[in-house]
Each structure stands twice: as C-alpha cells, then as structure tokens.
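Shown next: entry_28.cif, containing mmCIF, C-alpha atoms.
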```cif
data_structure
#
loop_
_atom_site.label_atom_id
_atom_site.label_comp_id
_atom_site.auth_asym_id
_atom_site.auth_seq_id
_atom_site.Cartn_x
_atom_site.Cartn_y
_atom_site.Cartn_z
CA MET A 184 -18.59 -20.96 10.75
CA LEU A 185 -17.13 -18.98 13.63
CA ASN A 186 -13.39 -19.34 14.14
CA GLY A 187 -13.27 -18.24 17.77
CA LYS A 188 -11.41 -15.01 17.01
CA THR A 189 -12.53 -11.40 17.45
CA ALA A 190 -11.88 -8.44 15.16
CA ILE A 191 -12.28 -4.76 15.99
CA ILE A 192 -13.12 -2.69 12.91
CA THR A 193 -12.71 1.01 13.64
CA GLY A 194 -14.81 3.48 11.70
CA ALA A 195 -17.09 0.70 10.50
CA SER A 196 -20.43 2.48 10.36
CA GLY A 197 -20.07 4.48 7.14
CA SER A 198 -20.57 3.43 3.53
CA GLY A 199 -16.93 2.75 2.78
CA MET A 200 -14.10 0.40 3.60
CA GLY A 201 -14.88 -0.09 7.29
CA ARG A 202 -18.35 -1.48 6.67
CA SER A 203 -17.14 -3.84 3.93
CA ILE A 204 -14.28 -5.03 6.14
CA ALA A 205 -16.70 -5.75 8.99
CA LEU A 206 -19.02 -7.75 6.72
CA THR A 207 -16.14 -9.66 5.15
CA MET A 208 -14.41 -10.53 8.40
CA ALA A 209 -17.75 -11.82 9.70
CA ARG A 210 -18.00 -13.91 6.53
CA GLU A 211 -14.59 -15.35 7.39
CA GLY A 212 -15.78 -16.41 10.85
CA PHE A 213 -14.63 -13.59 13.11
CA ALA A 214 -16.76 -12.10 15.85
CA ILE A 215 -17.00 -8.42 14.96
CA VAL A 216 -16.78 -5.25 17.00
CA VAL A 217 -18.42 -2.51 14.92
CA ASN A 218 -16.81 0.71 16.12
CA TYR A 219 -18.68 3.92 15.33
CA LEU A 220 -18.52 7.57 16.31
CA LYS A 221 -22.01 8.94 15.56
CA ASN A 222 -23.91 6.65 13.17
CA ILE A 223 -25.45 4.20 15.60
CA LYS A 224 -28.22 3.29 13.13
CA SER A 225 -25.74 2.01 10.56
CA ALA A 226 -23.64 0.27 13.21
CA ASP A 227 -26.71 -1.56 14.51
CA GLU A 228 -27.70 -2.52 10.97
CA ILE A 229 -24.31 -4.11 10.34
CA ALA A 230 -24.28 -5.96 13.67
CA THR A 231 -27.85 -7.21 13.21
CA TYR A 232 -27.09 -8.45 9.70
CA ILE A 233 -24.05 -10.36 10.94
CA GLU A 234 -25.97 -11.97 13.79
CA ASP A 235 -28.92 -12.85 11.55
CA ARG A 236 -26.48 -14.85 9.41
CA GLY A 237 -25.18 -16.82 12.37
CA GLY A 238 -22.27 -14.60 13.31
CA LYS A 239 -21.45 -12.62 16.43
CA ALA A 240 -21.23 -8.86 16.63
CA MET A 241 -21.39 -5.93 19.00
CA THR A 242 -21.30 -2.17 18.53
CA VAL A 243 -19.05 0.18 20.50
CA GLN A 244 -19.17 3.94 20.28
CA SER A 245 -15.73 5.47 20.71
CA ASN A 246 -13.55 8.17 19.22
CA ILE A 247 -10.21 6.53 18.44
CA PHE A 248 -8.47 9.92 18.46
CA ILE A 249 -9.01 10.02 22.25
CA LYS A 250 -6.94 7.73 24.48
CA GLU A 251 -9.63 7.11 27.07
CA GLU A 252 -12.15 6.13 24.42
CA CYS A 253 -9.69 3.66 22.91
CA GLU A 254 -9.36 2.16 26.38
CA LYS A 255 -13.15 1.86 26.46
CA LEU A 256 -13.23 0.24 23.02
CA VAL A 257 -10.65 -2.36 23.99
CA GLY A 258 -12.15 -2.88 27.44
CA ASP A 259 -15.69 -3.38 26.14
CA THR A 260 -14.42 -5.84 23.55
CA ILE A 261 -12.58 -7.93 26.14
CA ASP A 262 -15.53 -7.80 28.53
CA PHE A 263 -17.91 -9.05 25.81
CA PHE A 264 -15.77 -11.43 23.74
CA GLY A 265 -12.87 -12.11 26.10
CA ARG A 266 -10.14 -11.43 23.54
CA ILE A 267 -8.88 -9.31 20.65
CA ASP A 268 -7.24 -11.01 17.69
CA VAL A 269 -7.52 -8.40 14.93
CA CYS A 270 -7.77 -4.63 14.83
CA ILE A 271 -8.24 -2.55 11.71
CA ILE A 272 -7.19 1.07 12.20
CA GLY A 273 -9.10 3.10 9.65
CA PRO A 274 -10.03 6.72 10.45
CA GLY A 275 -7.30 9.26 9.86
CA ALA A 276 -6.56 12.62 8.26
CA ASN A 277 -8.98 15.06 6.72
CA TRP A 278 -8.80 16.02 3.07
CA ASN A 279 -6.99 19.37 2.85
CA PRO A 280 -5.91 19.75 -0.81
CA GLU A 281 -4.38 23.22 -0.60
CA SER A 282 -1.16 24.01 -2.45
CA LEU A 283 2.12 24.55 -0.60
CA SER A 284 1.82 28.30 -0.99
CA ASP A 285 -1.58 28.14 0.73
CA LEU A 286 -0.62 25.50 3.30
CA ASN A 287 -2.46 25.85 6.61
CA SER A 288 0.14 24.63 9.10
CA ILE A 289 -2.39 24.10 11.87
CA LYS A 290 -4.54 21.81 9.70
CA ALA A 291 -1.43 20.05 8.33
CA ILE A 292 -0.19 19.24 11.83
CA GLN A 293 -3.70 18.11 12.77
CA ASP A 294 -3.65 15.73 9.80
CA ILE A 295 -0.46 14.10 11.07
CA ASN A 296 -1.91 13.86 14.58
CA GLN A 297 -5.06 12.20 13.24
CA GLU A 298 -3.06 9.59 11.36
CA THR A 299 -0.68 8.72 14.19
CA THR A 300 -2.78 9.21 17.33
CA PRO A 301 -5.05 6.15 16.79
CA VAL A 302 -1.94 4.02 16.33
CA TYR A 303 -0.34 5.36 19.52
CA ASN A 304 -3.61 4.96 21.43
CA LEU A 305 -4.34 1.42 20.31
CA LEU A 306 -1.01 -0.35 19.84
CA PRO A 307 -0.10 -0.79 23.54
CA LEU A 308 -3.60 -1.95 24.44
CA LEU A 309 -3.81 -4.42 21.56
CA LEU A 310 -0.36 -5.92 22.05
CA LYS A 311 -0.94 -6.56 25.75
CA ASN A 312 -3.95 -8.71 24.89
CA MET A 313 -2.63 -10.35 21.72
CA GLU A 314 0.69 -11.45 23.21
CA LYS A 315 -1.19 -13.64 25.71
CA ARG A 316 -1.97 -15.98 22.80
CA SER A 317 1.09 -15.12 20.67
CA TRP A 318 -1.31 -14.30 17.83
CA GLY A 319 -2.64 -11.08 16.44
CA ARG A 320 -3.18 -9.03 13.32
CA ILE A 321 -3.01 -5.23 13.26
CA ILE A 322 -3.74 -3.51 9.96
CA GLY A 323 -3.65 0.20 9.25
CA ILE A 324 -5.47 1.80 6.34
CA ALA A 325 -3.19 4.34 4.67
CA SER A 326 -2.69 5.35 1.02
CA ASN A 327 -0.78 4.27 -2.08
CA MET A 328 2.20 6.62 -1.94
CA ASP A 329 3.52 5.40 -5.30
CA ILE A 330 0.62 7.44 -6.72
CA PRO A 331 0.37 10.32 -4.23
CA SER A 332 -2.68 12.50 -3.95
CA PRO A 333 -2.62 16.22 -4.89
CA SER A 334 -2.65 17.12 -1.18
CA TYR A 335 0.76 17.71 0.40
CA SER A 336 -0.43 17.60 4.01
CA TYR A 337 -2.59 14.51 3.42
CA ASN A 338 0.35 12.70 1.84
CA ALA A 339 2.68 13.68 4.66
CA ALA A 340 0.15 12.45 7.21
CA LYS A 341 -0.32 9.09 5.47
CA ILE A 342 3.45 8.62 5.30
CA ALA A 343 3.57 9.31 9.04
CA ARG A 344 1.03 6.53 9.68
CA ILE A 345 2.88 4.11 7.42
CA GLU A 346 6.24 4.73 9.09
CA THR A 347 4.71 4.65 12.58
CA LEU A 348 3.32 1.18 11.89
CA LYS A 349 6.43 -0.09 10.10
CA LEU A 350 8.63 0.85 13.05
CA ALA A 351 6.46 -1.34 15.29
CA VAL A 352 6.74 -4.46 13.11
CA SER A 353 9.84 -6.03 14.68
CA GLU A 354 8.73 -5.72 18.30
CA ALA A 355 5.20 -6.90 17.51
CA TRP A 356 6.52 -9.95 15.62
CA LYS A 357 8.34 -11.08 18.78
CA LYS A 358 4.92 -11.19 20.42
CA GLY A 359 3.38 -13.22 17.59
CA VAL A 360 1.61 -10.22 16.07
CA THR A 361 1.79 -9.09 12.46
CA ILE A 362 1.43 -5.46 11.44
CA ASN A 363 0.53 -4.62 7.86
CA ILE A 364 -0.73 -1.66 5.88
CA ILE A 365 -3.44 -1.46 3.24
CA ALA A 366 -2.60 1.29 0.74
CA PRO A 367 -5.44 2.20 -1.63
CA GLY A 368 -6.00 5.34 -3.63
CA PRO A 369 -9.43 7.00 -3.84
CA VAL A 370 -12.15 4.41 -3.26
CA ASP A 371 -15.78 5.25 -3.91
CA GLU A 372 -18.27 4.38 -1.20
CA ILE A 373 -21.05 1.83 -1.69
CA PRO A 374 -24.21 3.84 -0.86
CA SER A 375 -26.52 0.84 -0.57
CA PHE A 376 -26.15 -1.53 2.38
CA LYS A 377 -27.65 -4.32 0.28
CA THR A 378 -25.07 -3.76 -2.46
CA ALA A 379 -22.27 -3.87 0.11
CA CYS A 380 -23.64 -7.21 1.36
CA ASP A 381 -23.95 -8.52 -2.20
CA TYR A 382 -20.37 -7.53 -2.98
CA CYS A 383 -19.25 -9.37 0.14
CA ASP A 384 -21.05 -12.45 -1.19
CA HIS A 385 -19.37 -11.99 -4.62
CA ILE A 386 -22.52 -11.78 -6.69
CA GLU A 387 -22.36 -11.11 -10.43
CA GLU A 388 -22.13 -7.32 -10.06
CA TRP A 389 -18.97 -7.74 -7.96
CA ASN A 390 -17.40 -9.99 -10.56
CA GLY A 391 -18.05 -7.36 -13.24
CA ARG A 392 -16.59 -4.39 -11.34
CA LYS A 393 -14.45 -1.94 -13.30
CA LYS A 394 -12.51 -0.26 -10.48
CA VAL A 395 -11.41 -0.71 -6.88
CA THR A 396 -14.27 -0.93 -4.39
CA PRO A 397 -14.38 -1.11 -0.59
CA GLN A 398 -14.85 -4.85 -1.03
CA ASP A 399 -11.46 -5.14 -2.74
CA ILE A 400 -9.91 -3.56 0.34
CA ALA A 401 -11.85 -5.95 2.56
CA GLU A 402 -10.59 -8.97 0.64
CA GLY A 403 -7.00 -7.81 1.19
CA VAL A 404 -7.66 -7.49 4.91
CA ALA A 405 -9.22 -10.95 5.02
CA PHE A 406 -6.16 -12.46 3.34
CA LEU A 407 -3.72 -10.81 5.74
CA CYS A 408 -5.79 -12.08 8.68
CA SER A 409 -6.01 -15.63 7.32
CA ASP A 410 -3.64 -18.49 8.00
CA SER A 411 -2.20 -17.91 4.52
CA GLY A 412 -0.97 -14.53 5.73
CA LYS A 413 0.58 -15.67 9.00
CA TYR A 414 4.16 -14.91 7.88
CA ILE A 415 3.40 -11.61 6.17
CA THR A 416 4.33 -8.62 8.31
CA GLY A 417 5.54 -5.14 7.45
CA CYS A 418 3.73 -5.38 4.13
CA ILE A 419 2.32 -2.35 2.33
CA LEU A 420 -0.42 -3.79 0.12
CA PRO A 421 -1.04 -1.32 -2.72
CA TYR A 422 -4.11 -0.93 -4.90
CA GLN A 423 -4.11 0.67 -8.33
CA PHE A 424 -6.70 3.27 -9.25
#
```
Could I get this file's structure written as structure tokens?
Amino acid sequence: MLNGKTAIITGASGSGMGRSIALTMAREGFAIVVNYLKNIKSADEIATYIEDRGGKAMTVQSNIFIKEECEKLVGDTIDFFGRIDVCIIGPGANWNPESLSDLNSIKAIQDINQETTPVYNLLPLLLKNMEKRSWGRIIGIASNMDIPSPSYSYNAAKIARIETLKLAVSEAWKKGVTINIIAPGPVDEIPSFKTACDYCDHIEEWNGRKKVTPQDIAEGVAFLCSDSGKYITGCILPYQF
C-alpha cells in the first residue's frame, strides 16, 4: 500500500545496495525515483517491476557529482511526484588502495570531493522541499570506520562524508528532517535481479544468508525511514563483515 511519500534513491541502477534499497522502499509504500547515470536498462527494469506490483516509480538520469544535474534530479522528482520525503545518497569515492608511500594526492583529493560533493549539491535542495512538511529523511551510505579498509584515501574520504552529514544534523532537525548514516563494510553485489527481488521478499534463501547483503543495508534504510525511526538522527548504523 502506498504511503503518499516519495524517495529518491541515487545510484540505484547497479547490482548493489541502491537497487535493493529502491525495491525495499517500494515494498514499504514509497513512490520511488530510480536515479541512474548510464544503465537505463536496469533502471527501467526496477521501475517497471515496482509499478507491476502496484507501486509508483520513475527513472531520472543525473550525475550527482554535478550541481546542475542534482537540480534536475530534484526538479524532475517534484514535477512528477510533487514532493521529496527521503533521499539516499549512495555514490562516492573510488577504490584506490595504494599505500601511503605510493599515495596519489590527486586521486586522494578526488575521493574526498566525490564523497562530499553529492552532499553539498543535494542538502540545500532537499531541505527546502522537506521543511515545507516538517518531515524528511536523508541517509548517506558511508563505511564502517571501526573496521577501516586497507585504503588510506578511501577511509579519509568516507570520514569526510560522515562528518559532513553529522554537522548538518542539528540544523536539519529544526526543520523536521533526520540525517543518518549507513556504515557497512564490503558488501557483495546480487548479480541476479530476480534474486534481489526474492531477498526483498524475504524468501528462504534470504533467511539462510551467511553474510551481509545489499538487502541487509536496505532493511536498515527502511527502518530509519519508518515511523519507528522518527526520533533517530545523527546515527551511524554499522554492519559487521
């Protein structure tokens, strides 16, 4: 059953967390904006699946590292659905696992830019719409820094995203908006679209899983966007791996 709210899922057209989050938020009754950069076929597949099951969905191509394209993403969403209630900020840094002695400063700085730029691009646009209803959920996908990766620049970039979001928590809360962070470690993709859908429906294979999957991340997002999570803000939700 639709709940009247709309969720933008950035980077939703791959085989990882974004796709599972889009499917799960649709399951929870949200109208879904499937944001993609290049993979229109996958984006259309997700949107069609959601609509075939009685949900609402649209696809929007935009590069969230570019300010003007974020404006297009937000504008298209408002034009089509009239509102934005949730935004999941997913895409971020590249994987550059060089040692400190081999650190490429240009790539390291680019990693930090890629983690923070989507936040800077989207936050003002989202808050302006969400504060009209004094309700909103903004969730950034980062990393579990209690178990840091082997990559110095990647870790530094993820910390930058985490702190950028945390510093916005107080002001956003005054507008009725929560800001939280999902912090997984390495999460394998789900190659099959059917398997991703089955996991979303919690079939037997999901119940027998042995490690964190994109669906586990999606369930955390769904909880933070539910009424049960209305007073949770500034949270860093970690996943073991």
Please identify all polymer residues within 9 Å of Lys188 (chain A), counting all atoms listed in the file, omitting same-chain residues fewer than 4 positions from it, and present them as a PDB file with C-alpha atoms, keeping the file's coordinate frame.
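Saved to out_32.pdb:
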```
ATOM      1  CA  GLY A 212     -15.780 -16.410  10.850  1.00  0.00           C
ATOM      2  CA  PHE A 213     -14.630 -13.590  13.110  1.00  0.00           C
ATOM      3  CA  ALA A 214     -16.760 -12.100  15.850  1.00  0.00           C
ATOM      4  CA  ILE A 215     -17.000  -8.420  14.960  1.00  0.00           C
ATOM      5  CA  PHE A 264     -15.770 -11.430  23.740  1.00  0.00           C
ATOM      6  CA  ARG A 266     -10.140 -11.430  23.540  1.00  0.00           C
ATOM      7  CA  ILE A 267      -8.880  -9.310  20.650  1.00  0.00           C
ATOM      8  CA  ASP A 268      -7.240 -11.010  17.690  1.00  0.00           C
ATOM      9  CA  VAL A 269      -7.520  -8.400  14.930  1.00  0.00           C
TER      10      VAL A 269
END
```
So that all listed atoms of region 189-201 of chain A fit with 5 Å spare on each side, what axis-aligned box centre and edge lengths in Å, to one decimal, would you give as JSON?
```
{"center_x": -16.2, "center_y": -3.5, "center_z": 10.1, "size_x": 18.7, "size_y": 25.9, "size_z": 24.7}
```
Residues of region 341-381 of chain A at most 12 Å from region 320-327 of chain A: nearest atom pair and distance in Å, all atoms listed in the file, as CSV:
```
residue,atom,partner,partner_atom,distance
A:Lys341,CA,A:Ala325,CA,5.6
A:Ile342,CA,A:Ala325,CA,7.9
A:Ala343,CA,A:Ala325,CA,9.5
A:Arg344,CA,A:Ala325,CA,6.9
A:Ile345,CA,A:Ala325,CA,6.7
A:Glu346,CA,A:Ala325,CA,10.4
A:Thr347,CA,A:Gly323,CA,10.0
A:Leu348,CA,A:Gly323,CA,7.5
A:Lys349,CA,A:Gly323,CA,10.1
A:Ala351,CA,A:Ile321,CA,10.4
A:Val352,CA,A:Ile321,CA,9.8
A:Ala355,CA,A:Ile321,CA,9.4
A:Trp356,CA,A:Arg320,CA,10.0
A:Lys358,CA,A:Arg320,CA,11.0
A:Gly359,CA,A:Arg320,CA,8.9
A:Val360,CA,A:Arg320,CA,5.7
A:Thr361,CA,A:Arg320,CA,5.0
A:Ile362,CA,A:Ile321,CA,4.8
A:Asn363,CA,A:Ile322,CA,4.9
A:Ile364,CA,A:Gly323,CA,4.8
A:Ile365,CA,A:Ile324,CA,4.9
A:Ala366,CA,A:Ser326,CA,4.1
A:Pro367,CA,A:Ser326,CA,5.0
A:Gly368,CA,A:Asn327,CA,5.5
A:Pro369,CA,A:Ser326,CA,8.5
A:Val370,CA,A:Ser326,CA,10.4
```
Could the residues in this selection be written to a file with C-alpha atoms, as an mmCIF file, in the coordinates of the input?
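Done, and the output landed in out_23.cif:
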```
data_model
loop_
_atom_site.group_PDB
_atom_site.id
_atom_site.type_symbol
_atom_site.label_atom_id
_atom_site.label_comp_id
_atom_site.auth_asym_id
_atom_site.auth_seq_id
_atom_site.Cartn_x
_atom_site.Cartn_y
_atom_site.Cartn_z
ATOM 1 C CA LYS A 341 -0.320 9.090 5.470
ATOM 2 C CA ILE A 342 3.450 8.620 5.300
ATOM 3 C CA ALA A 343 3.570 9.310 9.040
ATOM 4 C CA ARG A 344 1.030 6.530 9.680
ATOM 5 C CA ILE A 345 2.880 4.110 7.420
ATOM 6 C CA GLU A 346 6.240 4.730 9.090
ATOM 7 C CA THR A 347 4.710 4.650 12.580
ATOM 8 C CA LEU A 348 3.320 1.180 11.890
ATOM 9 C CA LYS A 349 6.430 -0.090 10.100
ATOM 10 C CA ALA A 351 6.460 -1.340 15.290
ATOM 11 C CA VAL A 352 6.740 -4.460 13.110
ATOM 12 C CA ALA A 355 5.200 -6.900 17.510
ATOM 13 C CA TRP A 356 6.520 -9.950 15.620
ATOM 14 C CA LYS A 358 4.920 -11.190 20.420
ATOM 15 C CA GLY A 359 3.380 -13.220 17.590
ATOM 16 C CA VAL A 360 1.610 -10.220 16.070
ATOM 17 C CA THR A 361 1.790 -9.090 12.460
ATOM 18 C CA ILE A 362 1.430 -5.460 11.440
ATOM 19 C CA ASN A 363 0.530 -4.620 7.860
ATOM 20 C CA ILE A 364 -0.730 -1.660 5.880
ATOM 21 C CA ILE A 365 -3.440 -1.460 3.240
ATOM 22 C CA ALA A 366 -2.600 1.290 0.740
ATOM 23 C CA PRO A 367 -5.440 2.200 -1.630
ATOM 24 C CA GLY A 368 -6.000 5.340 -3.630
ATOM 25 C CA PRO A 369 -9.430 7.000 -3.840
ATOM 26 C CA VAL A 370 -12.150 4.410 -3.260
#
```
Q. Please, what distance in Å, to one decimal, runs between CA of Val257 (chain A) and CA of Tyr303 (chain A)?
A. 13.6 Å
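In terms of minimum interatomic distance to Asp235 (chain A), A:Ala209 ranks closest within A:Cys270, A:Val216, A:Ala209, A:Ile223, counting all atoms listed in the file.
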Quick one: region 244-270 of chain A with N, CA, C and O atoms, as an mmCIF file, in the coordinates of the input?
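After the write, out37.cif holds the following:
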```cif
data_model
loop_
_atom_site.group_PDB
_atom_site.id
_atom_site.type_symbol
_atom_site.label_atom_id
_atom_site.label_comp_id
_atom_site.auth_asym_id
_atom_site.auth_seq_id
_atom_site.Cartn_x
_atom_site.Cartn_y
_atom_site.Cartn_z
ATOM 1 N N GLN A 244 -19.413 2.556 20.644
ATOM 2 C CA GLN A 244 -19.170 3.940 20.280
ATOM 3 C C GLN A 244 -17.879 4.409 20.945
ATOM 4 O O GLN A 244 -17.719 4.305 22.166
ATOM 5 N N SER A 245 -16.948 4.898 20.147
ATOM 6 C CA SER A 245 -15.730 5.470 20.710
ATOM 7 C C SER A 245 -15.013 6.280 19.639
ATOM 8 O O SER A 245 -15.069 5.951 18.456
ATOM 9 N N ASN A 246 -14.340 7.307 20.082
ATOM 10 C CA ASN A 246 -13.550 8.170 19.220
ATOM 11 C C ASN A 246 -12.100 7.736 19.352
ATOM 12 O O ASN A 246 -11.475 7.950 20.392
ATOM 13 N N ILE A 247 -11.546 7.113 18.309
ATOM 14 C CA ILE A 247 -10.210 6.530 18.440
ATOM 15 C C ILE A 247 -9.100 7.577 18.435
ATOM 16 O O ILE A 247 -7.929 7.233 18.574
ATOM 17 N N PHE A 248 -9.462 8.858 18.318
ATOM 18 C CA PHE A 248 -8.470 9.920 18.460
ATOM 19 C C PHE A 248 -8.288 10.326 19.924
ATOM 20 O O PHE A 248 -7.450 11.164 20.232
ATOM 21 N N ILE A 249 -9.072 9.709 20.815
ATOM 22 C CA ILE A 249 -9.010 10.020 22.250
ATOM 23 C C ILE A 249 -8.582 8.770 22.999
ATOM 24 O O ILE A 249 -9.210 7.710 22.887
ATOM 25 N N LYS A 250 -7.532 8.877 23.788
ATOM 26 C CA LYS A 250 -6.940 7.730 24.480
ATOM 27 C C LYS A 250 -7.952 6.997 25.359
ATOM 28 O O LYS A 250 -8.048 5.764 25.316
ATOM 29 N N GLU A 251 -8.693 7.738 26.150
ATOM 30 C CA GLU A 251 -9.630 7.110 27.070
ATOM 31 C C GLU A 251 -10.725 6.347 26.336
ATOM 32 O O GLU A 251 -11.213 5.314 26.824
ATOM 33 N N GLU A 252 -11.107 6.827 25.168
ATOM 34 C CA GLU A 252 -12.150 6.130 24.420
ATOM 35 C C GLU A 252 -11.605 4.878 23.735
ATOM 36 O O GLU A 252 -12.335 3.911 23.523
ATOM 37 N N CYS A 253 -10.319 4.891 23.407
ATOM 38 C CA CYS A 253 -9.690 3.660 22.910
ATOM 39 C C CYS A 253 -9.627 2.617 24.030
ATOM 40 O O CYS A 253 -9.838 1.420 23.787
ATOM 41 N N GLU A 254 -9.354 3.069 25.227
ATOM 42 C CA GLU A 254 -9.360 2.160 26.380
ATOM 43 C C GLU A 254 -10.744 1.553 26.571
ATOM 44 O O GLU A 254 -10.872 0.362 26.890
ATOM 45 N N LYS A 255 -11.773 2.367 26.367
ATOM 46 C CA LYS A 255 -13.150 1.860 26.460
ATOM 47 C C LYS A 255 -13.426 0.853 25.356
ATOM 48 O O LYS A 255 -14.033 -0.209 25.608
ATOM 49 N N LEU A 256 -13.004 1.144 24.137
ATOM 50 C CA LEU A 256 -13.230 0.240 23.020
ATOM 51 C C LEU A 256 -12.596 -1.119 23.282
ATOM 52 O O LEU A 256 -13.233 -2.174 23.112
ATOM 53 N N VAL A 257 -11.356 -1.106 23.710
ATOM 54 C CA VAL A 257 -10.650 -2.360 23.990
ATOM 55 C C VAL A 257 -11.263 -3.056 25.201
ATOM 56 O O VAL A 257 -11.481 -4.279 25.191
ATOM 57 N N GLY A 258 -11.567 -2.288 26.241
ATOM 58 C CA GLY A 258 -12.150 -2.880 27.440
ATOM 59 C C GLY A 258 -13.507 -3.512 27.192
ATOM 60 O O GLY A 258 -13.776 -4.631 27.662
ATOM 61 N N ASP A 259 -14.365 -2.828 26.455
ATOM 62 C CA ASP A 259 -15.690 -3.380 26.140
ATOM 63 C C ASP A 259 -15.576 -4.650 25.310
ATOM 64 O O ASP A 259 -16.353 -5.605 25.482
ATOM 65 N N THR A 260 -14.616 -4.655 24.383
ATOM 66 C CA THR A 260 -14.420 -5.840 23.550
ATOM 67 C C THR A 260 -13.997 -7.043 24.394
ATOM 68 O O THR A 260 -14.536 -8.150 24.245
ATOM 69 N N ILE A 261 -13.054 -6.826 25.284
ATOM 70 C CA ILE A 261 -12.580 -7.930 26.140
ATOM 71 C C ILE A 261 -13.680 -8.382 27.086
ATOM 72 O O ILE A 261 -13.864 -9.590 27.316
ATOM 73 N N ASP A 262 -14.437 -7.437 27.622
ATOM 74 C CA ASP A 262 -15.530 -7.800 28.530
ATOM 75 C C ASP A 262 -16.569 -8.666 27.821
ATOM 76 O O ASP A 262 -17.136 -9.593 28.417
ATOM 77 N N PHE A 263 -16.839 -8.357 26.540
ATOM 78 C CA PHE A 263 -17.910 -9.050 25.810
ATOM 79 C C PHE A 263 -17.415 -10.331 25.155
ATOM 80 O O PHE A 263 -18.069 -11.383 25.243
ATOM 81 N N PHE A 264 -16.266 -10.276 24.495
ATOM 82 C CA PHE A 264 -15.770 -11.430 23.740
ATOM 83 C C PHE A 264 -14.578 -12.131 24.400
ATOM 84 O O PHE A 264 -14.211 -13.233 23.994
ATOM 85 N N GLY A 265 -13.950 -11.472 25.361
ATOM 86 C CA GLY A 265 -12.870 -12.110 26.100
ATOM 87 C C GLY A 265 -11.498 -12.025 25.453
ATOM 88 O O GLY A 265 -10.508 -12.457 26.050
ATOM 89 N N ARG A 266 -11.414 -11.448 24.252
ATOM 90 C CA ARG A 266 -10.140 -11.430 23.540
ATOM 91 C C ARG A 266 -10.197 -10.471 22.364
ATOM 92 O O ARG A 266 -11.265 -10.100 21.901
ATOM 93 N N ILE A 267 -9.010 -10.096 21.885
ATOM 94 C CA ILE A 267 -8.880 -9.310 20.650
ATOM 95 C C ILE A 267 -7.814 -9.998 19.802
ATOM 96 O O ILE A 267 -6.696 -10.221 20.257
ATOM 97 N N ASP A 268 -8.172 -10.340 18.592
ATOM 98 C CA ASP A 268 -7.240 -11.010 17.690
ATOM 99 C C ASP A 268 -6.846 -10.133 16.507
ATOM 100 O O ASP A 268 -5.756 -10.285 15.965
ATOM 101 N N VAL A 269 -7.744 -9.250 16.101
ATOM 102 C CA VAL A 269 -7.520 -8.400 14.930
ATOM 103 C C VAL A 269 -8.009 -6.999 15.248
ATOM 104 O O VAL A 269 -9.044 -6.823 15.903
ATOM 105 N N CYS A 270 -7.264 -6.001 14.785
ATOM 106 C CA CYS A 270 -7.770 -4.630 14.830
ATOM 107 C C CYS A 270 -7.416 -3.924 13.533
ATOM 108 O O CYS A 270 -6.258 -3.939 13.106
#
```
